[in-house]
Amino acid sequence: MENIITFAPCVLLLPFLMFLFLGLTNYKWTGKQAGIIGTAGITVVAFCCYYIALQYFFGGVGKPDGATAYQTITVFNMEWMKMSVAHPGLTISIGFLLDPISAMMLIVISTVSLMVHIYSFGYMFEHGHYDEGMQRYYCVLSLFSFAMLGLVLATNIFQMYIFWELVGVSSFLLIGYYYKKPAAISACKKAFIVTRFADMFYLIGILIVSYYTKTFDFVEMNTLAENGHTLVGNSMEGLTFMGLSLTTLAMFLIFLGGAGKSAMFPFHIWLPDAMEGPTPSSALIHAATMVVAGVFLVARLFPVFAIDAPNALEAITYIGAFTALFAAVIAVAQTDIKRVLAFSTISQIAYMMVALGVARFSIEGVEHVETTLGFTASMWHLFTHAMFKAMLFLCCGCIIHCVESNEMAKMGGLKKYMPITWACFGIGCLAIAGIPPFSGFFSKGEILSACLENQCTGIYVIMTLTAGLTAFYMFRLFYHIFYYEENPEYATSEHKPHDQKWPMTLPLIVFAVLTCVCGFFPFGQLITASHEAIEIETNWFVEGVSLTTAALGIGIAYVLYYKKNDKPAKIMAKMQGLCTAASHRFYIDEVWYGITRSFIFGIICKSIAWFDRHCIDGFMDLMGWLTNRASSESKDFQSGHVQQYAWVFVMGVVVIGTLALYL
């Protein structure tokens, strides 16, 4: 434990110091120097994270001798701010909370961040950014790593909210890295504004819960729920708002904050456009770490959701199931390879949300099923997805660098030119499709098993259908890039496509190895809702159906896209309406634009602007006019004429004397 206390401050302080050093030093570092400094810093952070996580899981820190469950350890917790006299016990602290899910996230964040730093060393320089903006790029990467680590290690919900907003700022800066491109400017503003809407709900939920519970502390909130007490005690019992339990409403508002970060419907619209940022940052933020913040939030407060707000958890399940299928259908119709992966990310994050939702799912007329397999499955899929999806994004970076385009139409036949990228991309596609022995097979299978165990048959059917669509669109992408028809420009190009140098290839190989092995990690022994080990038994019916569905999706993709043919065009002609709608994302973006322009800007903002201009500004103008007029009228009293002063003095004495006489 003493060693963890020694290393813990480095996890948070070192990336922050790297951010300050790269961001505020007057010395203009070259791109290579900034890359070395940033990568060296995150390497030390990764070492500290791995040491802490391994000590917690296997060094006897998390589970001392004789204990049957992993302990929740508050490494340090410093009081930062006290609230008002009305809430004397309510304080905001900054601390370091270590439990199974935060220890797991230390591994995920540090691994992906380190690989992205190394990959960026090759990718950004190859794109002509050897000096321009590289210090800023690595500075923001350090800020993001600091913010994400602070978020998952937070001891209380307000600390999490602070780092939550820092993650949003980092995302804004990385999406808008190419600030001279109008598309990048639009994308970063879109991401920032959409997530601000969601974060507003998150903050309102925090304020409601803290007002009645008089605490922000995660351990205290979860302990109340786990011990059979309501989160809010008697102070909120029976309180409703618009017919809803106030507890359920508050927890659902908190979830909406997570829905914004994790791009759940209807807040999903920012994520596909966020691909305008550099591809390595897409792998770091929009595939493996930032977008799972919402899943982590629900997991952190899982006892509260499951016991005090089961209706909110049920709503999360339905929203997740719809989002998973909705995003998968859209991914089928996309032609930009990064946007295919973006919608794939939305769908897979929704898988994790569904798993948390069905972990303690209540069905009317059916006795409550006490199982938390879904919790373990969700965290397992979070871990495995982080590895293979980051690899897929980095593979896309290698491909885009070679063909100088994101469009599948510009690709084809790349297998013979890029064998390492082909192998790594293929492993990622097999993993996300749920093919054994790759990691996605194990984690996705347990999510489907959790749906059936909790008698959520409808949800199971939707998620199985989504799994089939996932296999189809991922292998559509794979075949179209590496097979289909070779682009004739390759033969005439001076710079033929090729695998990249070691800074870009090494992270692919590392992620490929992790994708092959991390499905065999004993997650049931390490990460559960109760912190006690559970036995995970393979449901061969579920796995059989899942494999059959995945094989069907892969087979259809093979027939349509392995070699060039006219079958895709014929199918699109017969389903033109659906294909057009899916390619335009079912016009949800247009609905948002319509709402913001017509209602928010056109009615609310115009009304507020009118009130500000005519009432507030008018009142201030009136005060200024009255002051000027009073000054103008009273300046004659300071004329300098002695006779006038004497007359005013005499009249004043007469008035005062008269009042004194009669009063």
# chains A, B, ... in the order shown; residues from 1 in each chain; ligands from 1

call {"tool": "residues_around", "arguments": {"residues": "segment 413-426 of chain A", "least_positions_apart": "3", "cutoff": "6 Å", "atoms": "only C-alpha atoms", "output": "list in words"}}
result
Leu392, Cys395, Cys429, Phe482, Tyr483, Glu485, Glu486, Pro497, His498, Asp499 and Ala512 of chain A

call {"tool": "residues_around", "arguments": {"residues": "Ala324 of chain A", "least_positions_apart": "4", "cutoff": "9 Å", "atoms": "only C-alpha atoms", "output": "list in words"}}
result
Met264, Ile319, Gly320, Ala328, Val329, Ser344, Ile346, Ser347, Gln348, Ile349, Ala350, Tyr351, Val354, Ile462, Met463 and Thr466 of chain A

call {"tool": "residues_around", "arguments": {"residues": "Phe302 of chain A", "least_positions_apart": "2", "cutoff": "9 Å", "atoms": "only C-alpha atoms", "output": "ChimeraX atom specification"}}
result
/A:222,297-300,304-307,313,356,375,529

call {"tool": "write_last_selection", "arguments": {"atoms": "C-alpha atoms", "output": "PDB file, in the first residue's frame"}}
result
ATOM      1  CA  ASN A 222     -23.024   3.361  -3.086  1.00  0.00           C
ATOM      2  CA  LEU A 297     -20.241   6.872 -14.907  1.00  0.00           C
ATOM      3  CA  VAL A 298     -23.152   4.414 -14.846  1.00  0.00           C
ATOM      4  CA  ALA A 299     -20.832   1.644 -13.628  1.00  0.00           C
ATOM      5  CA  ARG A 300     -19.434   3.876 -10.856  1.00  0.00           C
ATOM      6  CA  VAL A 304     -27.541   3.500  -6.861  1.00  0.00           C
ATOM      7  CA  PHE A 305     -29.034   2.955 -10.320  1.00  0.00           C
ATOM      8  CA  ALA A 306     -29.885  -0.688  -9.662  1.00  0.00           C
ATOM      9  CA  ILE A 307     -31.429  -0.291  -6.201  1.00  0.00           C
ATOM     10  CA  LEU A 313     -31.663   1.671 -15.528  1.00  0.00           C
ATOM     11  CA  LEU A 356     -25.297  -2.475 -17.498  1.00  0.00           C
ATOM     12  CA  PHE A 375     -21.936  -5.543 -15.236  1.00  0.00           C
ATOM     13  CA  ALA A 529     -20.607  -5.446  -9.307  1.00  0.00           C
TER      14      ALA A 529
END

call {"tool": "closest_atom_pairs", "arguments": {"of": "segment 172-290 of chain A", "to": "segment 376-386 of chain A", "cutoff": "12 Å", "atoms": "only C-alpha atoms", "output": "tab-separated table"}}
result
residue	atom	partner	partner_atom	distance
A:Ser262	CA	A:Leu382	CA	11.9
A:Ser282	CA	A:Ala386	CA	11.9
A:Ala283	CA	A:Ala386	CA	8.8
A:Leu284	CA	A:Ala386	CA	9.0
A:Ile285	CA	A:Ala386	CA	10.3
A:His286	CA	A:Ala386	CA	10.0
A:Ala287	CA	A:Ala386	CA	6.6
A:Ala288	CA	A:Ala386	CA	4.2
A:Thr289	CA	A:Ala386	CA	7.3
A:Met290	CA	A:Ala386	CA	10.6

call {"tool": "closest_residue", "arguments": {"among": "A:Ala630, A:Val653, A:Met504, A:Val403", "to": "Glu489 of chain A", "atoms": "only C-alpha atoms"}}
result
A:Val403

call {"tool": "residues_around", "arguments": {"residues": "Met411 of chain A", "least_positions_apart": "6", "cutoff": "12 Å", "atoms": "only C-alpha atoms", "output": "list in words"}}
result
Thr335, Asp336, Ile337, Cys396, Ile399, Ile400, His401, Cys402, Val403, Glu404, Ser405, Tyr417, Leu477, Phe478, Tyr479, His480, Ile481, Phe482, Tyr483, Tyr484, Glu485, Glu486, Asn487, Pro488, Glu489, Tyr490 and Pro497 of chain A

call {"tool": "atom_distance", "arguments": {"atom1": "atom CA of Ala557 of chain A", "atom2": "atom CA of Tyr473 of chain A"}}
result
7.4 Å

call {"tool": "atom_distance", "arguments": {"atom1": "atom CA of Leu560 of chain A", "atom2": "atom CA of Leu469 of chain A"}}
result
14.2 Å
